[in-house]
Amino acid sequence: MSRRKTIAEPAHLSGDLRELKLPSFLDHWERLAQEAEKSRQPHAEYLAELAHQEVCDRHERRVRRRISDARFPRLKTLDGFDFDAQPGIDRDEVLELARADFVEEHANVVLLGEVGTGKTHLASALGMACCQRGKRVRFTTAAELTNLLVESKSVDRLSRRLDQMARYDVVILDELGYVPFDKLGADLLFSFITKVYERRSLIVTTNLPFARWSEVFLDATAAAAVIDRIVHHATILKTEGKSYRLRDAERAKKAKARRARA
Ligand code: ADP
Ligand code: MG
């Protein structure tokens, strides 16, 4: 504490830093100034270091905000994904997507596969990667989004909600096909997909092959139009095999049996 007193705070500094919204400058100027004085660091370097700290902290704060705004049900990462357990998925292709260039191109990702095969995990992990790149991401299920739109009641509110959702760079539509929609729900989801087509990116997870999307969108023409828009610029990733949780449980059971025999 006694070392801290060695540098007198210049007049206005704290107030000006607050006014300029530079919280990291405010937190670190004094400590870095002490270090600079001690090591006779040139003024320009001191300033550069302080500015860099502000930039790094700002980036970190922004990523944290993006992740919290995305409302992921669980925080999943690509590091936590066992690619060896999922031979249908090409690791390099996923890592390429994680660079978020597809978002710049307003392209989509479709994850297709059986329940428990890692679709939501991969969709969330890609969403997290997009947050890391500063993209605005929103995770929702197809049913949740459709309900939100159906419950809008007035045309004004519906249009506000559509605008709100279309503001995100990436919308993750999880579990398309798990719950069939009624006519209004199907029409409204179609409106949303049309609205974001070639303007935003969608990451869609589904257990239904495209040939069966007419069951969700109720008629073949609507389904074809949705598929056309989503698939036009899309990377399709197909997960294979049995549920990962089931396999995990089976592995644990076998290991337990082995231990019991030993
Ligand atoms: P889906 O959305 O296809 O039904 P999930 O992504 O919800 O499947 O996966 C079910 C559970 O298994 C999750 O906890 C997920 O993290 C885990 N999981 C699935 N596949 C993998 C994998 N290849 N590596 C690590 N965890 C996995
Ligand atoms: Mg899922």
# chains A, B, ... in the order shown; residues from 1 in each chain; ligands from 1
call {"tool": "residues_near_ligand", "arguments": {"ligand": "ligand 1", "cutoff": "7 Å", "atoms": "only C-alpha atoms and all ligand atoms", "output": "list in words"}}
result
Lys76, Gly80, Phe81, Asp82, Phe83, Ala85, Gln86, Gly113, Glu114, Val115, Gly116, Thr117, Gly118, Lys119, Thr120, His121, Leu122, Ser243, Tyr244 and Arg245 of chain A
call {"tool": "select_by_dssp", "arguments": {"residues": "segment 76-219 of chain A", "states": "alpha helix (DSSP H)", "output": "PDB file with C-alpha atoms, in the first residue's frame"}}
result
ATOM      1  CA  ARG A  91     -13.112 -32.352 -37.331  1.00  0.00           C
ATOM      2  CA  ASP A  92     -11.355 -30.018 -39.777  1.00  0.00           C
ATOM      3  CA  GLU A  93     -14.645 -28.979 -41.313  1.00  0.00           C
ATOM      4  CA  VAL A  94     -16.016 -28.113 -37.856  1.00  0.00           C
ATOM      5  CA  LEU A  95     -12.847 -26.220 -36.897  1.00  0.00           C
ATOM      6  CA  GLU A  96     -13.130 -24.265 -40.136  1.00  0.00           C
ATOM      7  CA  LEU A  97     -16.730 -23.341 -39.256  1.00  0.00           C
ATOM      8  CA  ASP A 101     -16.357 -17.038 -41.761  1.00  0.00           C
ATOM      9  CA  PHE A 102     -19.710 -18.627 -42.606  1.00  0.00           C
ATOM     10  CA  VAL A 103     -21.330 -15.878 -40.550  1.00  0.00           C
ATOM     11  CA  GLU A 104     -19.717 -13.185 -42.702  1.00  0.00           C
ATOM     12  CA  LYS A 119     -26.050 -32.143 -32.476  1.00  0.00           C
ATOM     13  CA  THR A 120     -26.932 -29.678 -29.717  1.00  0.00           C
ATOM     14  CA  HIS A 121     -23.400 -29.958 -28.329  1.00  0.00           C
ATOM     15  CA  LEU A 122     -21.865 -29.089 -31.709  1.00  0.00           C
ATOM     16  CA  ALA A 123     -24.394 -26.327 -32.416  1.00  0.00           C
ATOM     17  CA  SER A 124     -23.721 -24.718 -29.014  1.00  0.00           C
ATOM     18  CA  ALA A 125     -19.967 -25.112 -29.363  1.00  0.00           C
ATOM     19  CA  LEU A 126     -20.064 -23.453 -32.792  1.00  0.00           C
ATOM     20  CA  GLY A 127     -22.229 -20.720 -31.274  1.00  0.00           C
ATOM     21  CA  MET A 128     -19.652 -20.235 -28.507  1.00  0.00           C
ATOM     22  CA  ALA A 129     -16.905 -19.992 -31.122  1.00  0.00           C
ATOM     23  CA  CYS A 130     -18.931 -17.320 -32.926  1.00  0.00           C
ATOM     24  CA  CYS A 131     -19.308 -15.407 -29.620  1.00  0.00           C
ATOM     25  CA  GLN A 132     -15.523 -15.555 -29.231  1.00  0.00           C
ATOM     26  CA  ALA A 142     -37.634 -24.284 -33.067  1.00  0.00           C
ATOM     27  CA  ALA A 143     -40.639 -24.820 -30.768  1.00  0.00           C
ATOM     28  CA  GLU A 144     -39.655 -21.918 -28.491  1.00  0.00           C
ATOM     29  CA  LEU A 145     -39.180 -19.486 -31.350  1.00  0.00           C
ATOM     30  CA  THR A 146     -42.419 -20.568 -32.995  1.00  0.00           C
ATOM     31  CA  ASN A 147     -44.325 -20.146 -29.730  1.00  0.00           C
ATOM     32  CA  LEU A 148     -42.815 -16.706 -29.231  1.00  0.00           C
ATOM     33  CA  LEU A 149     -44.008 -15.668 -32.678  1.00  0.00           C
ATOM     34  CA  VAL A 150     -47.438 -17.299 -32.334  1.00  0.00           C
ATOM     35  CA  VAL A 155     -49.075  -7.641 -36.011  1.00  0.00           C
ATOM     36  CA  ASP A 156     -46.932  -4.892 -34.477  1.00  0.00           C
ATOM     37  CA  ARG A 157     -45.563  -7.070 -31.751  1.00  0.00           C
ATOM     38  CA  LEU A 158     -44.948  -9.922 -34.196  1.00  0.00           C
ATOM     39  CA  SER A 159     -42.990  -7.642 -36.456  1.00  0.00           C
ATOM     40  CA  ARG A 160     -40.961  -6.335 -33.467  1.00  0.00           C
ATOM     41  CA  ARG A 161     -40.150  -9.894 -32.393  1.00  0.00           C
ATOM     42  CA  LEU A 162     -39.136 -10.895 -35.897  1.00  0.00           C
ATOM     43  CA  ASP A 163     -36.887  -7.810 -36.072  1.00  0.00           C
ATOM     44  CA  GLN A 164     -35.436  -8.584 -32.657  1.00  0.00           C
ATOM     45  CA  MET A 165     -34.503 -12.142 -33.615  1.00  0.00           C
ATOM     46  CA  ALA A 166     -33.196 -11.043 -36.994  1.00  0.00           C
ATOM     47  CA  LYS A 183     -50.463 -24.011 -39.685  1.00  0.00           C
ATOM     48  CA  LEU A 184     -49.874 -20.618 -38.039  1.00  0.00           C
ATOM     49  CA  GLY A 185     -46.666 -21.810 -36.345  1.00  0.00           C
ATOM     50  CA  ALA A 186     -45.326 -23.230 -39.595  1.00  0.00           C
ATOM     51  CA  ASP A 187     -46.160 -20.010 -41.479  1.00  0.00           C
ATOM     52  CA  LEU A 188     -44.499 -17.790 -38.867  1.00  0.00           C
ATOM     53  CA  LEU A 189     -41.343 -19.877 -38.688  1.00  0.00           C
ATOM     54  CA  PHE A 190     -41.277 -19.730 -42.475  1.00  0.00           C
ATOM     55  CA  SER A 191     -41.536 -15.906 -42.286  1.00  0.00           C
ATOM     56  CA  PHE A 192     -38.570 -15.799 -39.938  1.00  0.00           C
ATOM     57  CA  ILE A 193     -36.465 -18.055 -42.151  1.00  0.00           C
ATOM     58  CA  THR A 194     -37.349 -15.935 -45.184  1.00  0.00           C
ATOM     59  CA  LYS A 195     -36.509 -12.752 -43.284  1.00  0.00           C
ATOM     60  CA  VAL A 196     -33.004 -13.887 -42.351  1.00  0.00           C
ATOM     61  CA  SER A 214     -43.036 -31.667 -44.922  1.00  0.00           C
ATOM     62  CA  GLU A 215     -44.256 -33.337 -41.700  1.00  0.00           C
ATOM     63  CA  VAL A 216     -43.063 -30.295 -39.751  1.00  0.00           C
ATOM     64  CA  PHE A 217     -44.073 -27.584 -42.196  1.00  0.00           C
TER      65      PHE A 217
END
call {"tool": "residues_around", "arguments": {"residues": "Trp29 of chain A", "least_positions_apart": "3", "cutoff": "12 Å", "atoms": "only C-alpha atoms", "output": "ChimeraX atom specification"}}
result
/A:4,7-10,13-14,17,22-26,32-37,46-54
call {"tool": "write_last_selection", "arguments": {"atoms": "N, CA and C atoms", "output": "short mmCIF file (atom, residue, chain, number, x, y, z; two decimals), in the first residue's frame"}}
result
data_model
loop_
_atom_site.label_atom_id
_atom_site.label_comp_id
_atom_site.auth_asym_id
_atom_site.auth_seq_id
_atom_site.Cartn_x
_atom_site.Cartn_y
_atom_site.Cartn_z
N ARG A 4 1.97 2.44 -3.38
CA ARG A 4 0.91 3.06 -4.18
C ARG A 4 0.90 4.58 -4.05
N ILE A 7 2.92 7.64 -6.46
CA ILE A 7 2.51 8.39 -7.65
C ILE A 7 1.26 9.20 -7.33
N ALA A 8 1.39 10.48 -7.46
CA ALA A 8 0.23 11.34 -7.18
C ALA A 8 -0.71 11.29 -8.36
N GLU A 9 -1.97 11.21 -8.06
CA GLU A 9 -2.93 11.14 -9.16
C GLU A 9 -3.11 12.51 -9.80
N PRO A 10 -2.85 12.60 -11.09
CA PRO A 10 -3.02 13.89 -11.76
C PRO A 10 -4.48 14.35 -11.67
N LEU A 13 -7.81 12.98 -13.75
CA LEU A 13 -7.57 11.70 -14.43
C LEU A 13 -8.71 10.70 -14.25
N SER A 14 -9.07 10.41 -12.98
CA SER A 14 -10.12 9.40 -12.76
C SER A 14 -11.42 9.80 -13.43
N LEU A 17 -11.17 9.41 -17.18
CA LEU A 17 -11.17 8.00 -17.62
C LEU A 17 -12.58 7.42 -17.53
N LEU A 22 -13.14 4.13 -19.85
CA LEU A 22 -11.91 3.34 -19.96
C LEU A 22 -11.61 2.68 -18.61
N PRO A 23 -12.44 1.70 -18.21
CA PRO A 23 -12.30 1.13 -16.87
C PRO A 23 -10.95 0.46 -16.63
N SER A 24 -10.36 -0.13 -17.68
CA SER A 24 -9.08 -0.81 -17.47
C SER A 24 -7.95 0.19 -17.28
N PHE A 25 -8.04 1.33 -17.98
CA PHE A 25 -7.07 2.41 -17.72
C PHE A 25 -7.16 2.79 -16.25
N LEU A 26 -8.38 2.95 -15.79
CA LEU A 26 -8.62 3.39 -14.41
C LEU A 26 -8.03 2.38 -13.42
N LEU A 32 0.85 0.24 -13.40
CA LEU A 32 1.75 0.25 -14.56
C LEU A 32 2.67 1.46 -14.53
N ALA A 33 2.17 2.59 -13.99
CA ALA A 33 3.02 3.79 -13.89
C ALA A 33 4.16 3.54 -12.90
N GLN A 34 3.83 2.85 -11.80
CA GLN A 34 4.88 2.52 -10.82
C GLN A 34 5.94 1.62 -11.45
N GLU A 35 5.45 0.61 -12.19
CA GLU A 35 6.40 -0.30 -12.83
C GLU A 35 7.23 0.42 -13.88
N ALA A 36 6.57 1.30 -14.63
CA ALA A 36 7.28 2.04 -15.68
C ALA A 36 8.37 2.92 -15.07
N GLU A 37 8.03 3.53 -13.95
CA GLU A 37 9.01 4.42 -13.30
C GLU A 37 10.21 3.61 -12.83
N TYR A 46 4.58 2.79 -22.00
CA TYR A 46 3.61 2.75 -20.88
C TYR A 46 2.20 2.95 -21.42
N LEU A 47 2.05 3.95 -22.27
CA LEU A 47 0.74 4.25 -22.84
C LEU A 47 0.24 3.07 -23.68
N ALA A 48 1.16 2.50 -24.46
CA ALA A 48 0.77 1.38 -25.34
C ALA A 48 0.30 0.19 -24.51
N GLU A 49 1.01 -0.06 -23.42
CA GLU A 49 0.66 -1.20 -22.56
C GLU A 49 -0.72 -1.02 -21.94
N LEU A 50 -0.95 0.20 -21.50
CA LEU A 50 -2.24 0.52 -20.87
C LEU A 50 -3.37 0.39 -21.89
N ALA A 51 -3.13 0.91 -23.07
CA ALA A 51 -4.16 0.86 -24.12
C ALA A 51 -4.43 -0.60 -24.50
N HIS A 52 -3.37 -1.40 -24.55
CA HIS A 52 -3.55 -2.80 -24.93
C HIS A 52 -4.36 -3.55 -23.88
N GLN A 53 -4.09 -3.22 -22.63
CA GLN A 53 -4.86 -3.82 -21.53
C GLN A 53 -6.35 -3.51 -21.68
N GLU A 54 -6.63 -2.26 -22.02
CA GLU A 54 -8.02 -1.84 -22.19
C GLU A 54 -8.67 -2.62 -23.35
#
call {"tool": "closest_residue", "arguments": {"among": "A:Leu112, A:Gly134, A:Lys21, A:Asp90", "to": "Pro209 of chain A", "atoms": "only C-alpha atoms"}}
result
A:Leu112
call {"tool": "atom_distance", "arguments": {"atom1": "atom CA of Arg251 of chain A", "atom2": "atom CA of Lys238 of chain A"}}
result
23.4 Å
call {"tool": "closest_residue", "arguments": {"among": "A:Trp213, A:Tyr168, A:Phe181, A:Tyr197", "to": "Arg66 of chain A", "atoms": "only C-alpha atoms"}}
result
A:Tyr168
call {"tool": "closest_residue", "arguments": {"among": "A:Ala44, A:Leu78, A:Val204, A:Ala100", "to": "ligand 2", "atoms": "only C-alpha atoms and all ligand atoms"}}
result
A:Val204
call {"tool": "closest_residue", "arguments": {"among": "A:Leu246, A:Leu176, A:Ala70, A:Ala11", "to": "Arg136 of chain A", "atoms": "only C-alpha atoms"}}
result
A:Ala70
call {"tool": "closest_residue", "arguments": {"among": "A:Arg65, A:His28, A:His233, A:Arg74", "to": "ligand 2", "atoms": "only C-alpha atoms and all ligand atoms"}}
result
A:Arg74
call {"tool": "atom_distance", "arguments": {"atom1": "atom CA of Lys135 of chain A", "atom2": "atom CA of Val63 of chain A"}}
result
8.6 Å
call {"tool": "select_by_dssp", "arguments": {"residues": "segment 59-259 of chain A", "states": "strand (DSSP E)", "output": "list in words"}}
result
Asn108, Val109, Val110, Leu111, Leu112, Val137, Arg138, Phe139, Thr140, Thr141, Val170, Val171, Ile172, Leu173, Asp174, Glu175, Leu176, Ser201, Leu202, Ile203, Val204, Thr205, Thr206, Ala234, Thr235, Ile236, Leu237 and Lys238 of chain A
call {"tool": "closest_residue", "arguments": {"among": "A:Glu198, A:Asp174, A:Asp228, A:Asp27", "to": "ligand 2", "atoms": "only C-alpha atoms and all ligand atoms"}}
result
A:Asp174
call {"tool": "atom_distance", "arguments": {"atom1": "atom CA of Ser201 of chain A", "atom2": "atom CA of Ala107 of chain A"}}
result
5.3 Å
